[in-house]
$ cat run-v3.txt   # compact mmCIF, C-alpha atoms and all ligand atoms
# COMPACT_ATOMS: atom_id res chain seq x y z
CA MET A 1204 1.83 -3.43 19.10
CA ALA A 1205 -1.20 -5.30 17.86
CA LEU A 1206 -2.27 -6.94 14.66
CA ARG A 1207 -5.05 -5.25 12.72
CA LYS A 1208 -7.47 -6.95 10.36
CA ILE A 1209 -6.66 -6.43 6.68
CA ILE A 1210 -9.78 -5.73 4.64
CA GLU A 1211 -10.10 -7.22 1.17
CA TYR A 1212 -11.52 -6.40 -2.25
CA PRO A 1213 -14.40 -5.64 -2.91
CA GLU A 1214 -14.74 -3.93 0.50
CA PRO A 1215 -15.94 -0.35 -0.34
CA LEU A 1216 -13.64 1.23 2.29
CA LEU A 1217 -10.72 0.47 -0.04
CA ARG A 1218 -12.23 2.82 -2.62
CA LEU A 1219 -12.39 5.99 -0.50
CA THR A 1220 -9.99 8.89 -0.91
CA ALA A 1221 -8.13 8.90 2.41
CA LYS A 1222 -8.03 12.06 4.54
CA LYS A 1223 -4.90 14.09 5.13
CA VAL A 1224 -3.35 13.69 8.60
CA ASP A 1225 -2.96 16.95 10.53
CA VAL A 1226 -2.73 15.68 14.11
CA PHE A 1227 0.51 13.87 14.98
CA ASN A 1228 -0.37 12.23 18.28
CA ASP A 1229 0.15 8.91 20.10
CA GLU A 1230 -2.85 7.41 18.33
CA LEU A 1231 -1.05 7.93 15.02
CA LYS A 1232 2.17 6.37 16.35
CA ILE A 1233 0.25 3.33 17.62
CA LEU A 1234 -1.47 2.95 14.23
CA VAL A 1235 1.92 3.10 12.46
CA GLU A 1236 3.42 0.43 14.78
CA ASP A 1237 0.36 -1.79 14.39
CA MET A 1238 0.51 -1.41 10.61
CA ALA A 1239 4.19 -2.43 10.56
CA GLU A 1240 3.43 -5.50 12.68
CA THR A 1241 0.43 -6.39 10.50
CA MET A 1242 2.52 -5.97 7.32
CA TRP A 1243 5.28 -8.27 8.58
CA ASP A 1244 2.81 -10.82 9.91
CA ALA A 1245 0.98 -11.06 6.56
CA PRO A 1246 3.79 -11.07 5.29
CA GLY A 1247 4.04 -8.05 3.01
CA ILE A 1248 6.50 -5.27 2.12
CA GLY A 1249 4.06 -2.37 2.27
CA LEU A 1250 0.72 -1.48 3.82
CA ALA A 1251 -1.60 1.53 3.59
CA ALA A 1252 -3.94 2.64 6.39
CA PRO A 1253 -7.12 2.12 4.31
CA GLN A 1254 -6.21 -1.60 4.22
CA VAL A 1255 -6.72 -1.72 7.99
CA ALA A 1256 -9.95 0.30 7.62
CA GLN A 1257 -8.39 3.67 8.58
CA SER A 1258 -9.14 6.12 5.80
CA ILE A 1259 -6.17 8.42 6.42
CA ARG A 1260 -3.00 9.17 4.44
CA VAL A 1261 -0.51 6.85 6.15
CA ILE A 1262 1.64 4.12 4.63
CA VAL A 1263 4.39 1.86 5.94
CA VAL A 1264 7.04 0.27 3.74
CA ASP A 1265 9.62 -2.36 4.65
CA ILE A 1266 13.07 -0.99 3.78
CA THR A 1267 15.13 -3.89 5.12
CA GLU A 1268 18.20 -4.74 3.05
CA PRO A 1269 19.35 -8.37 2.85
CA ASP A 1270 21.33 -9.40 5.98
CA GLU A 1271 19.85 -6.50 7.94
CA GLU A 1272 17.56 -6.47 10.96
CA LYS A 1273 13.98 -5.75 9.86
CA HIS A 1274 12.95 -2.12 9.79
CA TYR A 1275 10.38 0.07 8.08
CA ILE A 1276 9.65 3.64 7.17
CA ALA A 1277 6.30 5.36 7.75
CA LEU A 1278 5.21 8.08 5.33
CA ILE A 1279 2.42 10.41 6.40
CA ASN A 1280 0.69 12.45 3.67
CA PRO A 1281 3.06 11.15 0.96
CA GLU A 1282 2.99 12.92 -2.37
CA ILE A 1283 4.85 12.11 -5.57
CA ILE A 1284 6.24 15.42 -6.80
CA GLU A 1285 8.54 14.19 -9.58
CA HIS A 1286 8.88 11.04 -11.67
CA GLU A 1287 11.16 9.61 -14.30
CA GLY A 1288 11.00 6.66 -16.72
CA THR A 1289 8.87 3.54 -16.47
CA GLN A 1290 9.32 -0.06 -15.31
CA LEU A 1291 7.30 -3.25 -15.41
CA ASP A 1292 7.25 -5.38 -12.27
CA GLU A 1293 5.15 -8.13 -10.70
CA GLU A 1294 2.76 -6.89 -8.01
CA GLY A 1295 0.40 -8.40 -5.52
CA CYS A 1296 -1.67 -6.87 -2.73
CA LEU A 1297 -2.67 -8.08 0.74
CA SER A 1298 -6.18 -6.74 0.01
CA VAL A 1299 -6.46 -8.52 -3.36
CA PRO A 1300 -6.12 -12.24 -2.53
CA GLU A 1301 -4.66 -14.76 -4.93
CA LEU A 1302 -3.54 -12.47 -7.74
CA THR A 1303 -0.20 -11.20 -8.99
CA ALA A 1304 0.24 -9.31 -12.23
CA GLN A 1305 2.67 -7.10 -14.13
CA VAL A 1306 2.02 -3.40 -13.61
CA GLN A 1307 3.70 -0.45 -15.27
CA ARG A 1308 5.02 2.18 -12.86
CA TYR A 1309 7.46 5.08 -12.82
CA LYS A 1310 11.09 3.96 -12.55
CA LYS A 1311 12.16 6.74 -10.21
CA ILE A 1312 10.09 9.06 -8.01
CA THR A 1313 10.61 11.93 -5.60
CA VAL A 1314 8.21 11.88 -2.66
CA ASN A 1315 7.40 14.57 -0.15
CA TYR A 1316 6.03 13.26 3.15
CA GLN A 1317 5.90 13.80 6.88
CA THR A 1318 7.23 11.56 9.64
CA GLU A 1319 5.10 10.29 12.56
CA ASP A 1320 6.25 13.45 14.39
CA GLY A 1321 5.04 15.77 11.65
CA GLU A 1322 8.50 16.62 10.33
CA SER A 1323 8.53 17.34 6.57
CA LYS A 1324 10.92 15.19 4.54
CA GLN A 1325 11.70 14.17 1.00
CA LEU A 1326 13.04 10.94 -0.46
CA ILE A 1327 14.02 9.62 -3.85
CA ALA A 1328 13.06 6.02 -4.64
CA GLU A 1329 14.01 3.80 -7.56
CA ASP A 1330 13.18 0.33 -8.87
CA ARG A 1331 11.34 -1.99 -6.44
CA PHE A 1332 11.20 0.62 -3.64
CA ALA A 1333 9.56 3.06 -6.09
CA VAL A 1334 7.03 0.37 -7.11
CA VAL A 1335 6.01 -0.31 -3.50
CA LEU A 1336 5.61 3.40 -2.77
CA GLN A 1337 3.47 3.98 -5.86
CA HIS A 1338 1.31 0.95 -5.01
CA GLU A 1339 0.76 2.15 -1.42
CA ILE A 1340 0.12 5.78 -2.40
CA ASP A 1341 -2.50 4.49 -4.87
CA HIS A 1342 -4.33 2.93 -1.90
CA LEU A 1343 -4.68 6.42 -0.37
CA ASN A 1344 -6.57 7.46 -3.49
CA GLY A 1345 -8.85 4.42 -3.51
CA VAL A 1346 -6.89 2.83 -6.36
CA LEU A 1347 -5.96 -0.88 -6.41
CA PHE A 1348 -3.30 -2.48 -8.60
CA ILE A 1349 -6.04 -4.32 -10.53
CA ASP A 1350 -7.16 -0.90 -11.81
CA HIS A 1351 -3.91 -0.78 -13.82
CA LEU A 1352 -4.68 -4.08 -15.60
CA SER A 1353 -6.60 -4.51 -18.85
CA PRO A 1354 -10.41 -4.63 -18.46
CA LEU A 1355 -10.28 -8.29 -19.52
CA LYS A 1356 -7.81 -9.31 -16.78
CA ARG A 1357 -9.67 -7.20 -14.21
CA ASN A 1358 -13.02 -8.82 -15.06
CA LEU A 1359 -11.51 -12.29 -14.88
CA TYR A 1360 -10.28 -11.50 -11.39
CA LYS A 1361 -13.67 -10.04 -10.36
CA LYS A 1362 -15.34 -13.31 -11.35
CA LYS A 1363 -12.71 -15.42 -9.59
CA ARG A 1364 -13.06 -13.32 -6.43
CA LYS A 1365 -16.86 -13.70 -6.47
CA LYS A 1366 -16.45 -17.47 -6.61
CA MET A 1367 -13.92 -17.37 -3.76
CA LEU A 1368 -16.31 -15.36 -1.59
CA ALA A 1369 -19.26 -17.62 -2.42
CA LEU A 1370 -17.17 -20.63 -1.35
CA GLU A 1371 -16.19 -18.91 1.90
CA GLN A 1372 -19.87 -18.41 2.69
CA THR A 1373 -20.91 -21.99 2.03
CA CYS A 1374 -18.03 -23.63 3.95
NI NI B 1 -1.90 -3.18 -1.82
$ encode --input "run-v3.txt" --output "structure tokens"
Amino acid sequence: MALRKIIEYPEPLLRLTAKKVDVFNDELKILVEDMAETMWDAPGIGLAAPQVAQSIRVIVVDITEPDEEKHYIALINPEIIEHEGTQLDEEGCLSVPELTAQVQRYKKITVNYQTEDGESKQLIAEDRFAVVLQHEIDHLNGVLFIDHLSPLKRNLYKKKRKKMLALEQTC
């Protein structure tokens, strides 16, 4: 396993619609393992392939319960096919430095996906797990959590980020 570089807003690669995966080979399995390692190293609880500059429909999500050894699930070509209710929860993103904000999401979702081996599966997620999945699936469509904020909050962040980047360049 190897760490991959996480790209950050406003990198244009984050805005692409990621391509569907139709080849389930070793390269895919290595990407999934690297993504899990990169997620835990960050540390984060979810990561989408576009965040490591791979514009394909792959996400990993940490599903470790308290007092459990760390493990994750990889979802290839995930698709929300049903949803119920709404919830408001605090989100952040490894590709959107130094911001957390409340985002409204579905409370409960049903997701169709494939495993790293190409096997078709379905899962039902609620609460925080549902939030993470919706956030990561958004990444596959070029959507960032800041897109769910009010234009005012989004513009404030854009300005802050510009200043951060200008500082990085002068230091
Ligand atoms: Ni994110």
$ closest_residue --input "run-v3.txt" --among "A:Met1367, A:Ile1210, A:Leu1359, A:Ile1279" --to "ligand NI 1 (chain B)" --atoms "only C-alpha atoms and all ligand atoms"
A:Ile1210
$ residues_near_ligand --input "run-v3.txt" --ligand "ligand NI 1 (chain B)" --cutoff "9 Å" --atoms "only C-alpha atoms and all ligand atoms" --output "PyMOL selection string"
chain A and resi 1249-1251+1254+1294-1299+1335+1338-1339+1341-1342+1347-1348
$ atom_distance --input "run-v3.txt" --atom1 "atom CA of Ala1328 of chain A" --atom2 "atom CA of Ile1340 of chain A"
13.1 Å
$ atom_distance --input "run-v3.txt" --atom1 "atom CA of Ile1262 of chain A" --atom2 "atom CA of Leu1278 of chain A"
5.4 Å
$ closest_residue --input "run-v3.txt" --among "A:Asn1315, A:Thr1303, A:Gln1290, A:Asn1280" --to "Tyr1360 of chain A" --atoms "all atoms listed in the file"
A:Thr1303
$ residues_around --input "run-v3.txt" --residues "Arg1364 of chain A" --least-positions-apart "5" --cutoff "9 Å" --atoms "all atoms listed in the file" --output "VMD selection string"
chain A and resid 1212 to 1213 1299 to 1301 1359 1369
$ residues_around --input "run-v3.txt" --residues "Leu1216 of chain A" --least-positions-apart "3" --cutoff "10 Å" --atoms "all atoms listed in the file" --output "PyMOL selection string"
chain A and resi 1210-1213+1219-1221+1253-1258+1345
$ write_last_selection --input "run-v3.txt" --atoms "C-alpha atoms" --output "JSON list (two decimals), in the frame of the given file"
[["chain", "number", "residue", "atom", "x", "y", "z"],
["A", 1210, "ILE", "CA", -9.78, -5.73, 4.64],
["A", 1211, "GLU", "CA", -10.10, -7.22, 1.17],
["A", 1212, "TYR", "CA", -11.52, -6.40, -2.25],
["A", 1213, "PRO", "CA", -14.40, -5.64, -2.91],
["A", 1219, "LEU", "CA", -12.39, 5.99, -0.50],
["A", 1220, "THR", "CA", -9.99, 8.89, -0.91],
["A", 1221, "ALA", "CA", -8.13, 8.90, 2.41],
["A", 1253, "PRO", "CA", -7.12, 2.12, 4.31],
["A", 1254, "GLN", "CA", -6.21, -1.60, 4.22],
["A", 1255, "VAL", "CA", -6.72, -1.72, 7.99],
["A", 1256, "ALA", "CA", -9.95, 0.30, 7.62],
["A", 1257, "GLN", "CA", -8.39, 3.67, 8.58],
["A", 1258, "SER", "CA", -9.14, 6.12, 5.80],
["A", 1345, "GLY", "CA", -8.85, 4.42, -3.51]]
$ decode --input "run-v3.txt" --residues "segment 1278-1323 of chain A" --atoms "N, CA and C atoms" --output "PDB file, in the first residue's frame"
ATOM      1  N   LEU A1278     -16.755   1.028  -2.447  1.00  0.00           N
ATOM      2  CA  LEU A1278     -17.931   0.965  -3.305  1.00  0.00           C
ATOM      3  C   LEU A1278     -17.525   1.436  -4.697  1.00  0.00           C
ATOM      4  N   ILE A1279     -17.708   0.546  -5.671  1.00  0.00           N
ATOM      5  CA  ILE A1279     -17.390   0.864  -7.055  1.00  0.00           C
ATOM      6  C   ILE A1279     -18.715   1.157  -7.774  1.00  0.00           C
ATOM      7  N   ASN A1280     -18.752   2.208  -8.533  1.00  0.00           N
ATOM      8  CA  ASN A1280     -19.968   2.636  -9.247  1.00  0.00           C
ATOM      9  C   ASN A1280     -21.195   2.757  -8.325  1.00  0.00           C
ATOM     10  N   PRO A1281     -21.039   3.406  -7.179  1.00  0.00           N
ATOM     11  CA  PRO A1281     -22.172   3.516  -6.245  1.00  0.00           C
ATOM     12  C   PRO A1281     -23.274   4.420  -6.805  1.00  0.00           C
ATOM     13  N   GLU A1282     -24.492   4.047  -6.487  1.00  0.00           N
ATOM     14  CA  GLU A1282     -25.651   4.790  -6.986  1.00  0.00           C
ATOM     15  C   GLU A1282     -26.750   4.779  -5.924  1.00  0.00           C
ATOM     16  N   ILE A1283     -27.213   5.958  -5.561  1.00  0.00           N
ATOM     17  CA  ILE A1283     -28.312   6.047  -4.593  1.00  0.00           C
ATOM     18  C   ILE A1283     -29.612   5.777  -5.342  1.00  0.00           C
ATOM     19  N   ILE A1284     -30.306   4.718  -4.947  1.00  0.00           N
ATOM     20  CA  ILE A1284     -31.531   4.366  -5.685  1.00  0.00           C
ATOM     21  C   ILE A1284     -32.798   4.707  -4.903  1.00  0.00           C
ATOM     22  N   GLU A1285     -32.644   4.893  -3.575  1.00  0.00           N
ATOM     23  CA  GLU A1285     -33.794   5.299  -2.766  1.00  0.00           C
ATOM     24  C   GLU A1285     -33.315   6.175  -1.633  1.00  0.00           C
ATOM     25  N   HIS A1286     -34.173   7.121  -1.202  1.00  0.00           N
ATOM     26  CA  HIS A1286     -33.806   7.921  -0.032  1.00  0.00           C
ATOM     27  C   HIS A1286     -35.027   8.284   0.764  1.00  0.00           C
ATOM     28  N   GLU A1287     -34.763   8.591   2.058  1.00  0.00           N
ATOM     29  CA  GLU A1287     -35.840   8.872   2.992  1.00  0.00           C
ATOM     30  C   GLU A1287     -35.413   9.965   3.958  1.00  0.00           C
ATOM     31  N   GLY A1288     -36.276  10.925   4.246  1.00  0.00           N
ATOM     32  CA  GLY A1288     -36.039  11.920   5.284  1.00  0.00           C
ATOM     33  C   GLY A1288     -34.842  12.818   5.034  1.00  0.00           C
ATOM     34  N   THR A1289     -34.576  13.715   5.975  1.00  0.00           N
ATOM     35  CA  THR A1289     -33.410  14.580   5.879  1.00  0.00           C
ATOM     36  C   THR A1289     -32.743  14.679   7.244  1.00  0.00           C
ATOM     37  N   GLN A1290     -31.481  15.081   7.242  1.00  0.00           N
ATOM     38  CA  GLN A1290     -30.735  15.330   8.482  1.00  0.00           C
ATOM     39  C   GLN A1290     -29.738  16.445   8.219  1.00  0.00           C
ATOM     40  N   LEU A1291     -29.345  17.091   9.321  1.00  0.00           N
ATOM     41  CA  LEU A1291     -28.372  18.169   9.249  1.00  0.00           C
ATOM     42  C   LEU A1291     -27.170  17.723  10.068  1.00  0.00           C
ATOM     43  N   ASP A1292     -25.994  17.736   9.466  1.00  0.00           N
ATOM     44  CA  ASP A1292     -24.800  17.270  10.184  1.00  0.00           C
ATOM     45  C   ASP A1292     -23.596  18.096   9.739  1.00  0.00           C
ATOM     46  N   GLU A1293     -22.591  18.143  10.594  1.00  0.00           N
ATOM     47  CA  GLU A1293     -21.376  18.911  10.330  1.00  0.00           C
ATOM     48  C   GLU A1293     -20.477  18.108   9.374  1.00  0.00           C
ATOM     49  N   GLU A1294     -20.040  18.763   8.297  1.00  0.00           N
ATOM     50  CA  GLU A1294     -19.152  18.082   7.350  1.00  0.00           C
ATOM     51  C   GLU A1294     -17.874  18.860   7.140  1.00  0.00           C
ATOM     52  N   GLY A1295     -16.856  18.119   6.764  1.00  0.00           N
ATOM     53  CA  GLY A1295     -15.602  18.695   6.318  1.00  0.00           C
ATOM     54  C   GLY A1295     -15.138  17.857   5.151  1.00  0.00           C
ATOM     55  N   CYS A1296     -14.040  18.231   4.523  1.00  0.00           N
ATOM     56  CA  CYS A1296     -13.572  17.472   3.361  1.00  0.00           C
ATOM     57  C   CYS A1296     -12.053  17.603   3.274  1.00  0.00           C
ATOM     58  N   LEU A1297     -11.381  16.476   3.017  1.00  0.00           N
ATOM     59  CA  LEU A1297      -9.915  16.498   2.930  1.00  0.00           C
ATOM     60  C   LEU A1297      -9.442  17.360   1.757  1.00  0.00           C
ATOM     61  N   SER A1298     -10.320  17.613   0.790  1.00  0.00           N
ATOM     62  CA  SER A1298      -9.955  18.439  -0.366  1.00  0.00           C
ATOM     63  C   SER A1298     -10.384  19.900  -0.208  1.00  0.00           C
ATOM     64  N   VAL A1299     -11.021  20.208   0.925  1.00  0.00           N
ATOM     65  CA  VAL A1299     -11.475  21.585   1.189  1.00  0.00           C
ATOM     66  C   VAL A1299     -10.902  22.002   2.548  1.00  0.00           C
ATOM     67  N   PRO A1300      -9.627  22.436   2.585  1.00  0.00           N
ATOM     68  CA  PRO A1300      -8.938  22.667   3.850  1.00  0.00           C
ATOM     69  C   PRO A1300      -9.592  23.757   4.697  1.00  0.00           C
ATOM     70  N   GLU A1301      -9.545  23.504   6.001  1.00  0.00           N
ATOM     71  CA  GLU A1301      -9.927  24.505   7.003  1.00  0.00           C
ATOM     72  C   GLU A1301     -11.355  25.006   6.889  1.00  0.00           C
ATOM     73  N   LEU A1302     -12.284  24.097   6.646  1.00  0.00           N
ATOM     74  CA  LEU A1302     -13.704  24.463   6.676  1.00  0.00           C
ATOM     75  C   LEU A1302     -14.546  23.276   7.143  1.00  0.00           C
ATOM     76  N   THR A1303     -15.449  23.546   8.074  1.00  0.00           N
ATOM     77  CA  THR A1303     -16.523  22.592   8.362  1.00  0.00           C
ATOM     78  C   THR A1303     -17.815  23.397   8.337  1.00  0.00           C
ATOM     79  N   ALA A1304     -18.898  22.736   7.969  1.00  0.00           N
ATOM     80  CA  ALA A1304     -20.181  23.432   7.899  1.00  0.00           C
ATOM     81  C   ALA A1304     -21.314  22.419   7.944  1.00  0.00           C
ATOM     82  N   GLN A1305     -22.483  22.899   8.363  1.00  0.00           N
ATOM     83  CA  GLN A1305     -23.678  22.067   8.401  1.00  0.00           C
ATOM     84  C   GLN A1305     -24.224  21.883   6.987  1.00  0.00           C
ATOM     85  N   VAL A1306     -24.501  20.646   6.648  1.00  0.00           N
ATOM     86  CA  VAL A1306     -25.052  20.346   5.323  1.00  0.00           C
ATOM     87  C   VAL A1306     -26.295  19.475   5.494  1.00  0.00           C
ATOM     88  N   GLN A1307     -27.316  19.756   4.702  1.00  0.00           N
ATOM     89  CA  GLN A1307     -28.516  18.923   4.758  1.00  0.00           C
ATOM     90  C   GLN A1307     -28.378  17.747   3.800  1.00  0.00           C
ATOM     91  N   ARG A1308     -28.648  16.567   4.306  1.00  0.00           N
ATOM     92  CA  ARG A1308     -28.556  15.329   3.507  1.00  0.00           C
ATOM     93  C   ARG A1308     -29.779  14.471   3.775  1.00  0.00           C
ATOM     94  N   TYR A1309     -29.914  13.395   2.950  1.00  0.00           N
ATOM     95  CA  TYR A1309     -30.954  12.409   3.238  1.00  0.00           C
ATOM     96  C   TYR A1309     -30.590  11.673   4.527  1.00  0.00           C
ATOM     97  N   LYS A1310     -31.610  11.283   5.265  1.00  0.00           N
ATOM     98  CA  LYS A1310     -31.428  10.567   6.541  1.00  0.00           C
ATOM     99  C   LYS A1310     -31.068   9.104   6.293  1.00  0.00           C
ATOM    100  N   LYS A1311     -31.698   8.530   5.276  1.00  0.00           N
ATOM    101  CA  LYS A1311     -31.519   7.100   5.022  1.00  0.00           C
ATOM    102  C   LYS A1311     -31.446   6.884   3.511  1.00  0.00           C
ATOM    103  N   ILE A1312     -30.507   6.099   3.050  1.00  0.00           N
ATOM    104  CA  ILE A1312     -30.369   5.854   1.605  1.00  0.00           C
ATOM    105  C   ILE A1312     -30.153   4.374   1.307  1.00  0.00           C
ATOM    106  N   THR A1313     -30.575   3.974   0.128  1.00  0.00           N
ATOM    107  CA  THR A1313     -30.266   2.642  -0.382  1.00  0.00           C
ATOM    108  C   THR A1313     -29.312   2.826  -1.554  1.00  0.00           C
ATOM    109  N   VAL A1314     -28.201   2.111  -1.513  1.00  0.00           N
ATOM    110  CA  VAL A1314     -27.148   2.293  -2.516  1.00  0.00           C
ATOM    111  C   VAL A1314     -26.851   0.978  -3.236  1.00  0.00           C
ATOM    112  N   ASN A1315     -26.886   1.023  -4.528  1.00  0.00           N
ATOM    113  CA  ASN A1315     -26.401  -0.094  -5.343  1.00  0.00           C
ATOM    114  C   ASN A1315     -24.942   0.163  -5.672  1.00  0.00           C
ATOM    115  N   TYR A1316     -24.102  -0.859  -5.620  1.00  0.00           N
ATOM    116  CA  TYR A1316     -22.684  -0.688  -5.933  1.00  0.00           C
ATOM    117  C   TYR A1316     -22.079  -2.015  -6.332  1.00  0.00           C
ATOM    118  N   GLN A1317     -20.819  -1.978  -6.722  1.00  0.00           N
ATOM    119  CA  GLN A1317     -20.088  -3.205  -6.989  1.00  0.00           C
ATOM    120  C   GLN A1317     -18.883  -3.272  -6.053  1.00  0.00           C
ATOM    121  N   THR A1318     -18.441  -4.482  -5.763  1.00  0.00           N
ATOM    122  CA  THR A1318     -17.237  -4.659  -4.953  1.00  0.00           C
ATOM    123  C   THR A1318     -16.015  -4.536  -5.869  1.00  0.00           C
ATOM    124  N   GLU A1319     -14.821  -4.606  -5.272  1.00  0.00           N
ATOM    125  CA  GLU A1319     -13.571  -4.566  -6.054  1.00  0.00           C
ATOM    126  C   GLU A1319     -13.507  -5.719  -7.050  1.00  0.00           C
ATOM    127  N   ASP A1320     -14.282  -6.794  -6.790  1.00  0.00           N
ATOM    128  CA  ASP A1320     -14.284  -7.947  -7.695  1.00  0.00           C
ATOM    129  C   ASP A1320     -15.397  -7.864  -8.743  1.00  0.00           C
ATOM    130  N   GLY A1321     -16.162  -6.804  -8.705  1.00  0.00           N
ATOM    131  CA  GLY A1321     -17.205  -6.622  -9.711  1.00  0.00           C
ATOM    132  C   GLY A1321     -18.545  -7.214  -9.322  1.00  0.00           C
ATOM    133  N   GLU A1322     -18.650  -7.729  -8.103  1.00  0.00           N
ATOM    134  CA  GLU A1322     -19.898  -8.317  -7.634  1.00  0.00           C
ATOM    135  C   GLU A1322     -20.903  -7.203  -7.294  1.00  0.00           C
ATOM    136  N   SER A1323     -22.145  -7.342  -7.772  1.00  0.00           N
ATOM    137  CA  SER A1323     -23.170  -6.336  -7.503  1.00  0.00           C
ATOM    138  C   SER A1323     -23.752  -6.515  -6.113  1.00  0.00           C
TER     139      SER A1323
END
